[in-house]
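Student: So here's structure11.txt, just compact mmCIF, C-alpha atoms:
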```
# COMPACT_ATOMS: atom_id res chain seq x y z
CA MET A 1 48.11 -97.89 -28.47
CA THR A 2 49.15 -94.31 -28.33
CA SER A 3 45.68 -93.29 -29.24
CA ALA A 4 44.16 -95.28 -26.35
CA ARG A 5 46.54 -93.64 -23.84
CA SER A 6 45.71 -90.22 -25.08
CA ALA A 7 42.01 -90.80 -24.72
CA ARG A 8 42.47 -92.00 -21.14
CA ASN A 9 44.52 -88.91 -20.22
CA LYS A 10 41.82 -86.70 -21.59
CA ARG A 11 39.17 -88.39 -19.44
CA VAL A 12 41.36 -87.96 -16.33
CA ALA A 13 41.90 -84.32 -17.13
CA ARG A 14 38.17 -83.69 -17.57
CA SER A 15 37.42 -85.48 -14.34
CA LYS A 16 40.02 -83.37 -12.49
CA LEU A 17 38.65 -80.17 -14.01
CA ALA A 18 35.13 -81.09 -12.93
CA ARG A 19 36.33 -81.64 -9.35
CA ASP A 20 38.16 -78.27 -9.33
CA LYS A 21 35.05 -76.47 -10.65
CA ALA A 22 32.85 -77.99 -7.97
CA ALA A 23 35.27 -76.78 -5.33
CA THR A 24 35.27 -73.23 -6.77
CA TYR A 25 31.45 -72.95 -6.89
CA SER A 26 31.19 -74.19 -3.37
CA LYS A 27 33.76 -71.64 -2.16
CA VAL A 28 32.04 -68.79 -4.01
CA ALA A 29 28.65 -69.74 -2.64
CA SER A 30 30.03 -69.96 0.83
CA LEU A 31 31.79 -66.62 0.55
CA ALA A 32 28.66 -64.99 -0.85
CA GLU A 33 26.63 -66.29 2.06
CA VAL A 34 29.13 -64.92 4.58
CA THR A 35 29.24 -61.57 2.77
CA ALA A 36 25.47 -61.30 2.65
CA ASP A 37 25.24 -62.08 6.36
CA SER A 38 27.84 -59.48 7.24
CA LEU A 39 26.25 -56.81 5.00
CA GLU A 40 22.70 -57.31 6.22
CA ALA A 41 23.06 -55.01 9.22
CA VAL A 42 24.80 -52.36 7.12
CA LEU A 43 22.12 -52.51 4.42
CA ASP A 44 19.37 -52.29 7.04
CA LYS A 45 20.98 -49.12 8.43
CA ILE A 46 21.36 -47.60 4.94
CA ASP A 47 17.67 -48.36 4.21
CA SER A 48 16.62 -46.55 7.37
CA GLU A 49 18.78 -43.47 6.65
CA VAL A 50 17.59 -43.23 3.04
CA PHE A 51 14.00 -43.53 4.17
CA SER A 52 14.51 -40.81 6.76
CA GLU A 53 16.12 -38.47 4.20
CA LEU A 54 13.31 -39.07 1.71
CA ARG A 55 10.76 -38.36 4.43
CA GLN A 56 12.48 -35.05 5.25
CA ILE A 57 12.60 -34.06 1.56
CA ALA A 58 8.89 -34.88 1.22
CA ASN A 59 8.07 -32.78 4.30
CA HIS A 60 10.14 -29.89 2.98
CA ILE A 61 8.41 -30.02 -0.40
CA GLU A 62 5.05 -29.97 1.39
CA THR A 63 6.12 -26.94 3.47
CA LEU A 64 7.30 -25.12 0.34
CA ARG A 65 4.05 -25.97 -1.42
CA ARG A 66 2.07 -24.41 1.45
CA GLU A 67 4.30 -21.33 1.51
CA ILE A 68 3.98 -20.84 -2.26
CA ALA A 69 0.21 -20.92 -1.79
CA THR A 70 0.54 -18.32 0.99
CA LEU A 71 2.59 -16.12 -1.33
CA GLN A 72 -0.58 -15.68 -3.43
CA PRO A 73 1.48 -15.07 -6.56
CA GLY A 74 -1.69 -14.79 -8.65
CA LYS A 75 -3.07 -11.99 -6.46
CA MET A 76 0.28 -10.21 -6.51
CA HIS A 77 0.38 -10.47 -10.29
CA ARG A 78 -3.24 -9.52 -10.90
CA VAL A 79 -3.91 -6.92 -8.18
CA SER A 80 -1.08 -5.69 -5.95
CA ILE A 81 1.65 -5.02 -8.50
CA PRO A 82 -0.64 -3.48 -11.18
CA ALA A 83 -2.22 -1.24 -8.50
CA ALA A 84 1.23 -0.09 -7.39
CA GLY A 85 2.03 0.62 -11.03
CA VAL A 86 -1.11 2.75 -11.38
CA GLU A 87 -0.14 4.71 -8.24
CA LEU A 88 3.38 5.31 -9.58
CA ASP A 89 2.02 6.43 -12.95
CA ALA A 90 -0.29 8.87 -11.15
CA ILE A 91 2.66 10.19 -9.11
CA VAL A 92 4.68 10.83 -12.26
CA SER A 93 1.69 12.52 -13.89
CA ALA A 94 0.87 14.70 -10.84
CA THR A 95 4.49 15.73 -10.38
CA GLU A 96 4.84 16.61 -14.05
CA SER A 97 1.60 18.57 -14.07
CA ALA A 98 2.52 20.51 -10.91
CA SER A 99 6.01 21.27 -12.21
CA ASN A 100 4.62 22.54 -15.50
CA THR A 101 2.07 24.76 -13.75
CA ILE A 102 4.68 26.25 -11.42
CA LEU A 103 7.14 26.81 -14.26
CA GLU A 104 4.47 28.40 -16.45
CA CYS A 105 3.46 30.77 -13.63
CA ALA A 106 7.10 31.72 -13.03
CA GLU A 107 7.67 32.31 -16.76
CA GLN A 108 4.51 34.42 -17.05
CA ILE A 109 5.50 36.55 -14.03
CA MET A 110 8.99 37.03 -15.48
CA ALA A 111 7.54 38.05 -18.83
CA THR A 112 4.90 40.46 -17.51
CA ASP A 113 5.29 44.20 -17.81
CA ALA A 114 5.75 45.54 -14.27
CA ARG A 115 5.32 49.23 -15.08
CA ASP A 116 1.68 49.24 -14.01
CA ALA A 117 2.20 48.31 -10.34
CA LYS A 118 -1.48 47.67 -9.52
CA ARG A 119 -2.03 45.43 -12.53
CA TYR A 120 1.27 43.68 -11.95
CA LYS A 121 0.40 42.96 -8.30
CA ALA A 122 -2.97 41.49 -9.25
CA PHE A 123 -1.34 39.36 -11.94
CA VAL A 124 1.35 38.07 -9.58
CA GLU A 125 -1.21 37.27 -6.89
CA ASP A 126 -3.28 35.33 -9.40
CA ARG A 127 -0.27 33.31 -10.54
CA MET A 128 0.83 32.71 -6.94
CA LEU A 129 -2.61 31.29 -6.22
CA LYS A 130 -2.07 28.82 -9.07
CA VAL A 131 1.32 27.92 -7.58
CA PHE A 132 -0.32 27.21 -4.20
CA GLU A 133 -2.90 25.02 -5.87
CA ALA A 134 -0.27 23.16 -7.85
CA CYS A 135 1.73 22.46 -4.68
CA SER A 136 -1.08 20.32 -3.32
CA PHE A 137 0.33 17.48 -5.42
CA GLN A 138 2.77 16.84 -2.58
CA ASP A 139 0.02 15.62 -0.25
CA LEU A 140 -1.50 13.37 -2.89
CA THR A 141 1.77 11.88 -4.03
CA GLY A 142 2.68 11.28 -0.40
CA GLN A 143 -0.45 9.21 0.06
CA ARG A 144 0.09 7.36 -3.20
CA ILE A 145 3.69 6.59 -2.28
CA ALA A 146 2.50 5.30 1.10
CA ARG A 147 0.21 2.85 -0.74
CA VAL A 148 3.05 1.66 -2.98
CA VAL A 149 5.25 1.23 0.07
CA ASP A 150 2.45 -0.79 1.70
CA THR A 151 2.29 -3.07 -1.34
CA LEU A 152 6.06 -3.51 -1.37
CA LYS A 153 6.08 -4.32 2.34
CA GLN A 154 3.36 -6.89 1.84
CA ILE A 155 5.33 -8.55 -0.96
CA GLU A 156 8.49 -8.35 1.12
CA ALA A 157 6.75 -10.02 4.06
CA ARG A 158 5.44 -12.87 1.94
CA VAL A 159 8.74 -13.44 0.17
CA ALA A 160 10.58 -13.31 3.51
CA ARG A 161 8.23 -15.91 4.94
CA PHE A 162 8.76 -18.09 1.88
CA ALA A 163 12.53 -17.61 2.14
CA LYS A 164 12.38 -18.65 5.78
CA ALA A 165 10.43 -21.78 4.85
CA ALA A 166 13.00 -22.46 2.13
CA ARG A 167 15.70 -22.01 4.80
CA ALA A 168 17.00 -18.81 3.28
CA GLU A 169 17.25 -15.47 5.14
CA GLY A 170 14.63 -12.74 5.57
CA SER A 171 11.75 -11.45 7.68
CA SER A 172 9.21 -8.62 7.64
CA ARG A 173 5.74 -7.61 8.79
CA PRO A 174 2.74 -7.58 6.44
CA ARG A 175 0.28 -4.69 6.08
CA PRO A 176 -2.79 -4.52 3.85
CA PRO A 177 -2.72 -2.01 0.99
CA ALA A 178 -5.46 0.57 0.46
CA ARG A 179 -7.85 -0.15 -2.43
CA GLY A 180 -11.07 1.21 -3.90
CA ALA A 181 -12.68 3.01 -6.78
CA THR A 182 -12.37 6.80 -6.74
CA ASN A 183 -14.73 9.66 -7.65
CA SER A 184 -14.20 13.03 -9.26
CA GLN A 185 -15.27 16.24 -7.47
CA GLU A 186 -18.35 16.36 -9.73
CA ALA A 187 -19.35 12.82 -8.74
CA ILE A 188 -18.79 13.65 -5.07
CA ASP A 189 -20.91 16.79 -5.46
CA ARG A 190 -23.72 14.64 -6.81
CA ILE A 191 -23.49 12.28 -3.81
CA ILE A 192 -23.22 15.11 -1.31
CA GLY A 193 -25.73 17.32 -3.10
CA ALA A 194 -28.51 14.76 -3.05
CA GLY A 195 -30.52 15.86 -0.02
CA MET A 196 -27.59 17.79 1.39
CA SER A 197 -28.44 20.23 4.15
CA ARG A 198 -26.50 23.44 4.14
CA ARG A 199 -26.56 23.49 7.89
CA PRO A 200 -25.03 20.97 10.23
CA PRO A 201 -27.45 18.34 11.55
CA ARG A 202 -29.16 19.19 14.82
CA MET B 1 -26.46 34.53 4.86
CA PRO B 2 -23.22 36.20 3.71
CA VAL B 3 -20.00 34.45 4.55
CA ASP B 4 -18.31 36.18 7.47
CA VAL B 5 -14.68 36.50 6.38
CA ALA B 6 -13.75 37.49 9.93
CA MET B 7 -14.82 34.14 11.39
CA PRO B 8 -12.06 31.94 12.78
CA ILE B 9 -11.44 28.83 10.69
CA LEU B 10 -9.70 25.69 11.90
CA VAL B 11 -7.73 23.77 9.26
CA VAL B 12 -6.94 20.19 10.26
CA ASP B 13 -4.31 18.26 8.31
CA ASP B 14 -1.23 16.23 9.15
CA TYR B 15 0.59 17.57 6.06
CA LYS B 16 2.16 20.91 6.90
CA THR B 17 2.31 21.70 3.20
CA MET B 18 -1.42 21.19 2.77
CA ILE B 19 -2.20 23.38 5.77
CA ARG B 20 0.01 26.05 4.24
CA ILE B 21 -1.75 25.73 0.88
CA ILE B 22 -5.25 25.91 2.41
CA ARG B 23 -4.22 28.80 4.65
CA ASN B 24 -2.93 30.73 1.61
CA LEU B 25 -6.01 29.94 -0.45
CA LEU B 26 -8.25 31.09 2.41
CA LYS B 27 -6.18 34.24 2.70
CA GLN B 28 -6.68 34.89 -1.01
CA LEU B 29 -10.42 34.43 -0.43
CA GLY B 30 -10.31 37.02 2.35
CA PHE B 31 -10.21 34.78 5.44
CA GLU B 32 -7.47 36.02 7.75
CA HIS B 33 -8.19 34.16 10.99
CA VAL B 34 -6.98 30.65 10.36
CA ASP B 35 -5.81 28.24 13.05
CA GLU B 36 -4.36 24.80 12.42
CA ALA B 37 -4.29 21.33 13.97
CA ALA B 38 -2.32 18.24 12.96
CA ASP B 39 -5.02 15.65 13.72
CA GLY B 40 -8.53 15.18 15.03
CA SER B 41 -7.67 15.06 18.71
CA GLU B 42 -5.69 18.31 18.55
CA ALA B 43 -8.56 19.89 16.60
CA LEU B 44 -11.11 18.74 19.17
CA LYS B 45 -9.01 20.23 21.96
CA LYS B 46 -8.78 23.56 20.11
CA MET B 47 -12.49 23.53 19.35
CA ARG B 48 -13.26 23.15 23.05
CA GLU B 49 -11.05 26.14 23.82
CA LYS B 50 -12.23 28.44 21.03
CA LYS B 51 -15.38 28.82 18.95
CA TYR B 52 -14.74 28.34 15.24
CA GLY B 53 -16.98 29.39 12.38
CA LEU B 54 -15.80 26.60 10.09
CA ILE B 55 -13.75 23.40 10.26
CA ILE B 56 -11.83 22.28 7.17
CA SER B 57 -10.43 18.84 7.81
CA ASP B 58 -8.44 16.13 6.07
CA TRP B 59 -9.62 12.52 6.46
CA ASN B 60 -6.44 10.47 6.96
CA MET B 61 -4.67 11.50 10.14
CA GLU B 62 -3.37 9.80 13.25
CA PRO B 63 -4.27 9.22 15.98
CA MET B 64 -7.73 10.67 15.29
CA THR B 65 -8.97 10.81 11.69
CA GLY B 66 -11.06 13.57 10.19
CA TYR B 67 -14.03 11.21 10.05
CA GLU B 68 -13.71 10.44 13.76
CA LEU B 69 -13.38 14.16 14.44
CA LEU B 70 -16.57 14.80 12.48
CA LYS B 71 -18.47 12.21 14.53
CA GLU B 72 -17.07 13.61 17.79
CA VAL B 73 -18.08 17.14 16.77
CA ARG B 74 -21.59 16.11 15.80
CA ALA B 75 -21.98 14.16 19.04
CA ASP B 76 -20.91 17.13 21.18
CA THR B 77 -23.80 19.44 21.97
CA GLN B 78 -21.47 22.44 22.29
CA LEU B 79 -19.83 21.84 18.89
CA SER B 80 -22.46 20.03 16.84
CA LYS B 81 -23.56 23.10 14.87
CA THR B 82 -20.08 23.96 13.62
CA PRO B 83 -19.93 23.78 9.80
CA PHE B 84 -17.56 21.04 8.69
CA ILE B 85 -15.94 20.59 5.27
CA MET B 86 -13.93 17.48 4.53
CA VAL B 87 -10.95 18.08 2.22
CA THR B 88 -9.38 14.76 1.35
CA ALA B 89 -7.89 12.48 -1.27
CA GLU B 90 -10.36 9.79 -0.11
CA SER B 91 -12.80 10.02 -3.00
CA LYS B 92 -14.30 6.55 -2.73
CA THR B 93 -18.08 6.50 -2.68
CA GLU B 94 -18.20 4.71 0.68
CA ASN B 95 -16.10 7.49 2.22
CA VAL B 96 -18.30 10.26 0.81
CA VAL B 97 -21.48 8.48 1.90
CA ALA B 98 -20.07 7.79 5.38
CA ALA B 99 -19.08 11.44 5.78
CA LYS B 100 -22.49 12.58 4.60
CA LYS B 101 -24.22 10.25 7.07
CA ALA B 102 -21.96 11.54 9.83
CA GLY B 103 -23.10 15.09 9.07
CA VAL B 104 -20.44 16.66 6.88
CA ASN B 105 -21.54 19.94 5.27
CA ASN B 106 -19.45 19.57 2.16
CA TYR B 107 -16.75 17.39 0.71
CA ILE B 108 -13.78 18.47 -1.41
CA VAL B 109 -11.54 15.99 -3.14
CA LYS B 110 -7.84 16.76 -3.53
CA PRO B 111 -6.37 18.22 -5.63
CA PHE B 112 -8.65 21.26 -5.58
CA ASN B 113 -8.39 24.94 -6.45
CA ALA B 114 -9.36 28.19 -4.80
CA GLN B 115 -12.59 28.37 -6.78
CA THR B 116 -13.71 24.94 -5.55
CA LEU B 117 -12.89 25.87 -1.96
CA LYS B 118 -14.78 29.14 -2.31
CA SER B 119 -17.82 27.51 -3.90
CA LYS B 120 -18.03 24.88 -1.13
CA ILE B 121 -17.66 27.47 1.64
CA ASP B 122 -20.34 29.58 -0.07
CA ALA B 123 -22.59 26.54 -0.34
CA VAL B 124 -22.18 25.70 3.33
CA PHE B 125 -23.18 29.24 4.32
CA GLY B 126 -26.04 29.34 1.86
CA GLU B 127 -24.67 31.85 -0.62
```
Can you dump the structure from the file as structure tokens?
Tutor:
Amino acid sequence: MTSARSARNKRVARSKLARDKAATYSKVASLAEVTADSLEAVLDKIDSEVFSELRQIANHIETLRREIATLQPGKMHRVSIPAAGVELDAIVSATESASNTILECAEQIMATDARDAKRYKAFVEDRMLKVFEACSFQDLTGQRIARVVDTLKQIEARVARFAKAARAEGSSRPRPPARGATNSQEAIDRIIGAGMSRRPPR
Amino acid sequence: MPVDVAMPILVVDDYKTMIRIIRNLLKQLGFEHVDEAADGSEALKKMREKKYGLIISDWNMEPMTGYELLKEVRADTQLSKTPFIMVTAESKTENVVAAKKAGVNNYIVKPFNAQTLKSKIDAVFGE
């Protein structure tokens, strides 16, 4: 008897539980539908903003890509910077050579016996001539420095343009550097000497 | 023809130091009458005011370069016979050839010494 009652109670309980579950699912589904409806406009707006941001990032990357190409980093690496290095090496060499010549002349004049005035004068004049010649390094180094400055300005201009594209600060104006193979005086004499008239053309 | 050390020489260079050096070298070689100009246009003006026996000019100057001066001189019937020596750091073949075509009498590359200057002046005057 007791056993039969217990079994009936269990069936009632299961039936009640099933009814409660059905009610919960229905409520959840309903709530989800309402939520989805209310979020649709928000999600649409977020989609549009994200798309716009991604478009801007893509455009910016494209601009940077173009500016990097304009920078010509390969040319800078292969030509401009090595050429500037060669000019600076030549400046150091010319300055050192001129300084040594001038110092040697000064030392020789200081060490020369001045008792024979005529001989001493001739010796000093000869050494002074060497000093004059040595001083011509100033003109050459000036021109070499101008070329290095040109190269630096060109690099500065390109980097400034890139920085501007990357929305950083900077601006400058580009100028082309001087380039070309050089000749010694002997080579120039050969070019000039070939069919060279000693008189000006008529 | 012997070089006339009394002839007036015009040295054209925008570097005061270089003018000073050339002037002193010329003095050592016996040339006392040396005038100077800072660029081609100033040189041209001086050449039209005074007759020079020799022009010694740099290439790179502003506003008028030595090369432009050379062409102006050769194109001017009053000045065209004036001997012209280019003294420059521009030692590229195209520069030398261009100067030669324009009528330069000799071409000295910097740096140079008194002996080189003397030998080129002698060559211009046929010694």
Student: Find the residue from A:Ala160, A:Cys105, A:Ala166, A:Ala187 that sits nearest to chain B; use all atoms listed in the file when measuring.
Tutor: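 When distances to chain B are compared using all atoms listed in the file, the smallest one comes from A:Ala187.
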Student: Ranking B:Pro111, B:Phe84, B:Asn60, B:Gly103 by minimum distance to Ala98 in chain A and counting all atoms listed in the file, which one comes first?
Tutor: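 The shortest atom-to-atom distance to Ala98 in chain A comes from B:Pro111.
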Student: What residues in chain B have any atom no more than 10 Å from chain A when counting only C-alpha atoms, and can you write them as a PyMOL selection string?
Tutor: chain B and resi 13-25+28+60+74-75+77+80-84+88-97+99-114+116+120+122-127
Student: Considering all atoms listed in the file, can you say which of B:Leu44, B:Ala98, B:Ala6, B:Val11 comes closest to Gly30 in chain B?
Tutor: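 Smallest distance to Gly30 in chain B is found for B:Ala6.
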Student: Would you list the contacts of Ile155 in chain A as a compact mmCIF listing (two decimals) with C-alpha atoms, in the frame of the given file, taking every protein, DNA or RNA residue within 9 Å and counting all atoms listed in the file, but skipping same-chain residues closer than 3 positions in sequence?
Tutor:
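Output file result.txt follows:
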```
# COMPACT_ATOMS: atom_id res chain seq x y z
CA LEU A 71 2.59 -16.12 -1.33
CA MET A 76 0.28 -10.21 -6.51
CA SER A 80 -1.08 -5.69 -5.95
CA ASP A 150 2.45 -0.79 1.70
CA THR A 151 2.29 -3.07 -1.34
CA LEU A 152 6.06 -3.51 -1.37
CA ARG A 158 5.44 -12.87 1.94
CA VAL A 159 8.74 -13.44 0.17
CA ALA A 160 10.58 -13.31 3.51
CA PRO A 174 2.74 -7.58 6.44
```
Student: So how many Å separate CA of Asp89 in chain A and CA of His77 in chain A, to one decimal?
Tutor: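 A separation of 17.2 Å between them.
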Student: Please indicate the distance in Å from CA of Leu103 in chain A to CA of Val124 in chain A, rounded to one decimal place.
Tutor: 13.5 Å
Student: Quick one, how far is CA of Val34 in chain B from CA of Leu117 in chain B?
Tutor: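 Those two atoms sit 14.5 Å apart.
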Student: Which residue, B:Val73, B:Leu26, B:Asp58, B:Thr65, has the smallest gap to Lys45 in chain B when you use all atoms listed in the file?
Tutor: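 Between B:Val73, B:Leu26, B:Asp58, B:Thr65, the residue approaching Lys45 in chain B most closely is B:Val73.
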Student: Would you please work out which residue, of A:Ala163, A:Ile145, A:Ala58, A:Ala122, is nearest to Glu87 in chain A when using all atoms listed in the file?
Tutor: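 Among the listed residues, A:Ile145 lies closest to Glu87 in chain A.
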